[in-house]
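Here's the structure we're looking at; comments come further down.
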Amino acid sequence: MAVLLISLIYLAFVSMGLPDSLLGSAWPSIYENMGVPLSAVGLVTILISSGTVISSFLSDRAIRRFGTGLVTVVSTALVAVSLFGFSFARSLPALCLWALPYGLGGGSIDAALNNYVALHYKSRHMSWIHFFWGVGAALSPSIMSAILTRGYLWTAGYRLVGTIQAVIGVLLFLSLPIWKRNVSAEEESTAARLTFRQVLRLPGARQILISFFCYCALETTAGLWAASYMTLYRGVEPGTAAAWASIFYLGITAGRFFNGLISDRLGNRVMVRIGEGTVLLGIVFLLLPLGHAGAFAGLVLVGLGAAPIYPCLLHETPENFGRENSQAIMGKQMACAYIGSTLMPPVFGLIAEHIHIGLYPVFLLLFAVVMLLTSEKMNALVMRKRA
């Protein structure tokens with residue numbers, strides 16, 4: 001049963017990844033079709049992220065009340081309904097209306113499943129579920145591209161992905177008896193009920209929340225602005241620069257698959273330190289005048305280094321803060337991660353526009369250093385508490 005359940009969780013993470021890259025691939029068609037400004041996508045993504053942050057903060061209450069299995073099913077259904085809502089939207093206000101429930105569904109399922117895997121499975125599975133998220137995120141642009149190249153509207157792409165999401169939701173619903181057999185109701189109901197202020201009092205909690213904020217700020221900024229930096233500052237051809245940016249994401253996704261093969265042997269903390277060191281090395285390559293090859297190597301190293309950090313920090317949560325506190329702090333970690341990924345790429349956009357895009361590696365270095373310092377401080381505080 002445990003094997004069947006982790007297989008369903010892998011499937012759930014594919015379903016989580018599918019919608020996450022769909023809006024970006026469809027937006028060139030959406031904004032022309034609706035006659036809205038190109039920049040209006042920022043409003044839609046902010047609303048999605050706002051819903052995700054809210055549901056992440058509240059996820060521990062929902063899971064204590066309804067259980068991990070039911071929260072996963074309802075969240076998947078909410079995202080599926082939102083995707084169909086997007087497909088029938090004919091105006092920007094309608095898109096904004098459906099953005100909030102999409103975000104609310106995404107945040108709840110993310111916090112619920114990450115905590116469940118952290119509590120019940122080895123580290124390799126945490127890396128692999130995030131690898132499967134990457135598979136889903138890579139599939140949806142291909143689906144949208146196939147729809148558009150065959151002459152259909154972007155709405156058909158959303159309906160197709162929404163249908164896939166609904167099918168996965170039905171499979172998860174049918175699996176509820178398996179969840180009930182594998183997840184103790186007592187375990188979920190006795191999880192500590194901590195307010196945000198109480199979470200912050202846990203030794204190392206402030207530091208780990210900053211680490212998650214910095215990691216996602218670094219990852220999303222690095223990916224979003226990689227092609228622009230390579231083109232405008234390094235003089236790389238736009239097509240080549242776009243391919244290099246995709247390799248950055250490929251490095252993260254493939255890296256998480258290979259991390260799963262060694263993470264149980266080396267341990268989460270060692271994997272995080274290896275990742276942080278690799279990220280810093282990649283940023284050094286970006287900073288030094290090593291030509292196009294050096295810049296390419298830097299992007300690859302940052303992507304490969306980022307791969308183990310997020311899943312290994314998540315998997316270490318019960319070990320660092322106690323199984324009873326795990327769900328409460330997991331939701332807060334996810335919320336801080338989403339805040340970092342939402343706010344910091346636009347901040348760098350302002351820096352690039354008003355100061356210089358050449359500050360790209362400096363901006364990444366700032367978050368890499370703060371992430372390293374706060375994660376190590378968290379380790380020291382946790383070890384001191386145990387001693």
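Note on naming: chains are A, B, ... as they come in the structure tokens, residues start from 1 per chain, ligands start from 1 in the order shown.
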
Residues near range 63-74 of chain A, cut-off 7 Å, only C-alpha atoms, skip fewer than 3 positions along chain, as a list in words: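 My list of contacting residues is Ser59, Asp60, Ala77, Leu78, Ile109, Ala112, Gly169, Leu172, Phe173, Leu176, Trp179, Glu188 and Ser189 of chain A.
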
With the cut-off set at 7 Å and counting only C-alpha atoms, tabulate each residue of range 49-151 of chain A with an atom at most that distance from an atom of range 243-256 of chain A, showing the nearest atom pair and its distance in Å to one decimal, ordered by chain and increasing number, as CSV.
```
residue,atom,partner,partner_atom,distance
A:Ser127,CA,A:Arg256,CA,5.1
A:Trp128,CA,A:Arg256,CA,6.3
A:His130,CA,A:Arg256,CA,7.0
A:Phe131,CA,A:Thr253,CA,5.2
A:Gly134,CA,A:Thr253,CA,5.5
```

Report the closest atom pair, with its distance in Å rounded to one decimal, for each residue of range 298-324 of chain A that has an atom no farther than 8 Å from range 264-281 of chain A; count only C-alpha atoms, sort by chain and then rising residue number, and write it as CSV.
```
residue,atom,partner,partner_atom,distance
A:Gly298,CA,A:Leu281,CA,7.4
A:Leu301,CA,A:Thr278,CA,6.0
A:Val302,CA,A:Val279,CA,4.3
A:Gly303,CA,A:Val279,CA,7.4
A:Leu304,CA,A:Thr278,CA,7.4
A:Gly305,CA,A:Gly275,CA,4.0
A:Ala306,CA,A:Gly275,CA,5.8
A:Ala307,CA,A:Gly275,CA,7.0
A:Pro308,CA,A:Gly275,CA,5.9
A:Ile309,CA,A:Val272,CA,4.7
A:Cys312,CA,A:Asn268,CA,5.0
A:Leu313,CA,A:Asn268,CA,7.0
A:His315,CA,A:Asn268,CA,7.4
A:Glu316,CA,A:Asn268,CA,6.5
```

Now that the selection is made, can you save its residues with N, CA, C and O atoms as a compact mmCIF listing (two decimals), in the first residue's frame?
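Okay, this is what ended up in part-v9.txt:
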```txt
# COMPACT_ATOMS: atom_id res chain seq x y z
N GLY A 298 28.11 28.71 -15.60
CA GLY A 298 27.56 29.29 -14.39
C GLY A 298 26.07 29.00 -14.23
O GLY A 298 25.61 28.62 -13.16
N LEU A 301 25.56 25.32 -13.36
CA LEU A 301 25.92 25.04 -11.97
C LEU A 301 24.88 25.58 -10.99
O LEU A 301 24.56 24.92 -9.99
N VAL A 302 24.35 26.76 -11.26
CA VAL A 302 23.31 27.31 -10.38
C VAL A 302 22.08 26.39 -10.40
O VAL A 302 21.48 26.11 -9.35
N GLY A 303 21.69 25.92 -11.58
CA GLY A 303 20.55 25.02 -11.68
C GLY A 303 20.78 23.69 -10.96
O GLY A 303 19.93 23.23 -10.19
N LEU A 304 21.94 23.09 -11.19
CA LEU A 304 22.25 21.81 -10.53
C LEU A 304 22.36 21.99 -9.02
O LEU A 304 21.93 21.14 -8.25
N GLY A 305 22.95 23.12 -8.59
CA GLY A 305 23.08 23.37 -7.16
C GLY A 305 21.75 23.60 -6.49
O GLY A 305 21.54 23.20 -5.34
N ALA A 306 20.83 24.26 -7.19
CA ALA A 306 19.52 24.53 -6.61
C ALA A 306 18.71 23.25 -6.41
O ALA A 306 17.83 23.20 -5.54
N ALA A 307 19.01 22.22 -7.20
CA ALA A 307 18.18 21.01 -7.22
C ALA A 307 17.94 20.38 -5.85
O ALA A 307 16.80 20.07 -5.49
N PRO A 308 18.99 20.15 -5.02
CA PRO A 308 18.73 19.45 -3.75
C PRO A 308 18.24 20.34 -2.62
O PRO A 308 17.72 19.83 -1.62
N ILE A 309 18.41 21.65 -2.73
CA ILE A 309 18.21 22.52 -1.56
C ILE A 309 16.76 22.49 -1.09
O ILE A 309 16.48 22.22 0.10
N CYS A 312 15.38 18.89 0.14
CA CYS A 312 16.08 18.40 1.34
C CYS A 312 15.77 19.25 2.57
O CYS A 312 15.65 18.73 3.68
N LEU A 313 15.62 20.56 2.39
CA LEU A 313 15.20 21.40 3.51
C LEU A 313 13.78 21.02 3.96
O LEU A 313 13.49 20.99 5.15
N HIS A 315 12.33 18.04 3.62
CA HIS A 315 12.34 16.72 4.24
C HIS A 315 12.91 16.76 5.65
O HIS A 315 12.55 15.92 6.50
N GLU A 316 13.75 17.72 5.94
CA GLU A 316 14.39 17.82 7.25
C GLU A 316 13.47 18.48 8.29
O GLU A 316 13.79 18.50 9.48
```

Which residue of A:Phe132, A:Tyr31, A:Phe367, A:Tyr158 approaches Ser91 in chain A most closely, using only C-alpha atoms: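 Looking at the shortest contact to Ser91 in chain A, the residue is A:Tyr31.
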
Distance query range 41-50 of chain A at most 10 Å, only C-alpha atoms, self and fewer than 4 positions along chain excluded, as number ranges by chain: A: 20, 23-24, 27-28, 30-31, 36-37, 54-56, 92-93, 95-107, 335, 338-339, 341-343, 346

Surrounding residues of range 154-157 of chain A excluding itself and chain neighbours under 2 positions, 12 Å, only C-alpha atoms, as a ChimeraX atom specification: /A:18-19,22-34,83-90,95,139-152,159-164

Given only C-alpha atoms as the counted atoms, nearest of A:Gly51, A:Gly35, A:Gly282, A:Gly340 to Thr221 in chain A: A:Gly340

Those in range 185-292 of chain A with alpha helix (DSSP H) from DSSP, as an NGL selection string: :A and (185-189 or 196-201 or 205-232 or 238-266 or 268-287 or 291-292)

Atomic distance CA of Ala337 in chain A - CA of Glu353 in chain A, expressed in Å with one decimal: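 Those two atoms sit 24.9 Å apart.
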
Length of the CA of Ile208 in chain A to CA of Leu299 in chain A vector [Å]: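 Going from CA of Ile208 in chain A over to CA of Leu299 in chain A covers 25.1 Å.
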
Pairwise distance for CA of Pro345 in chain A and CA of Ala293 in chain A, rounded to one decimal in Å: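 We find that CA of Pro345 in chain A and CA of Ala293 in chain A lie 24.9 Å from each other.
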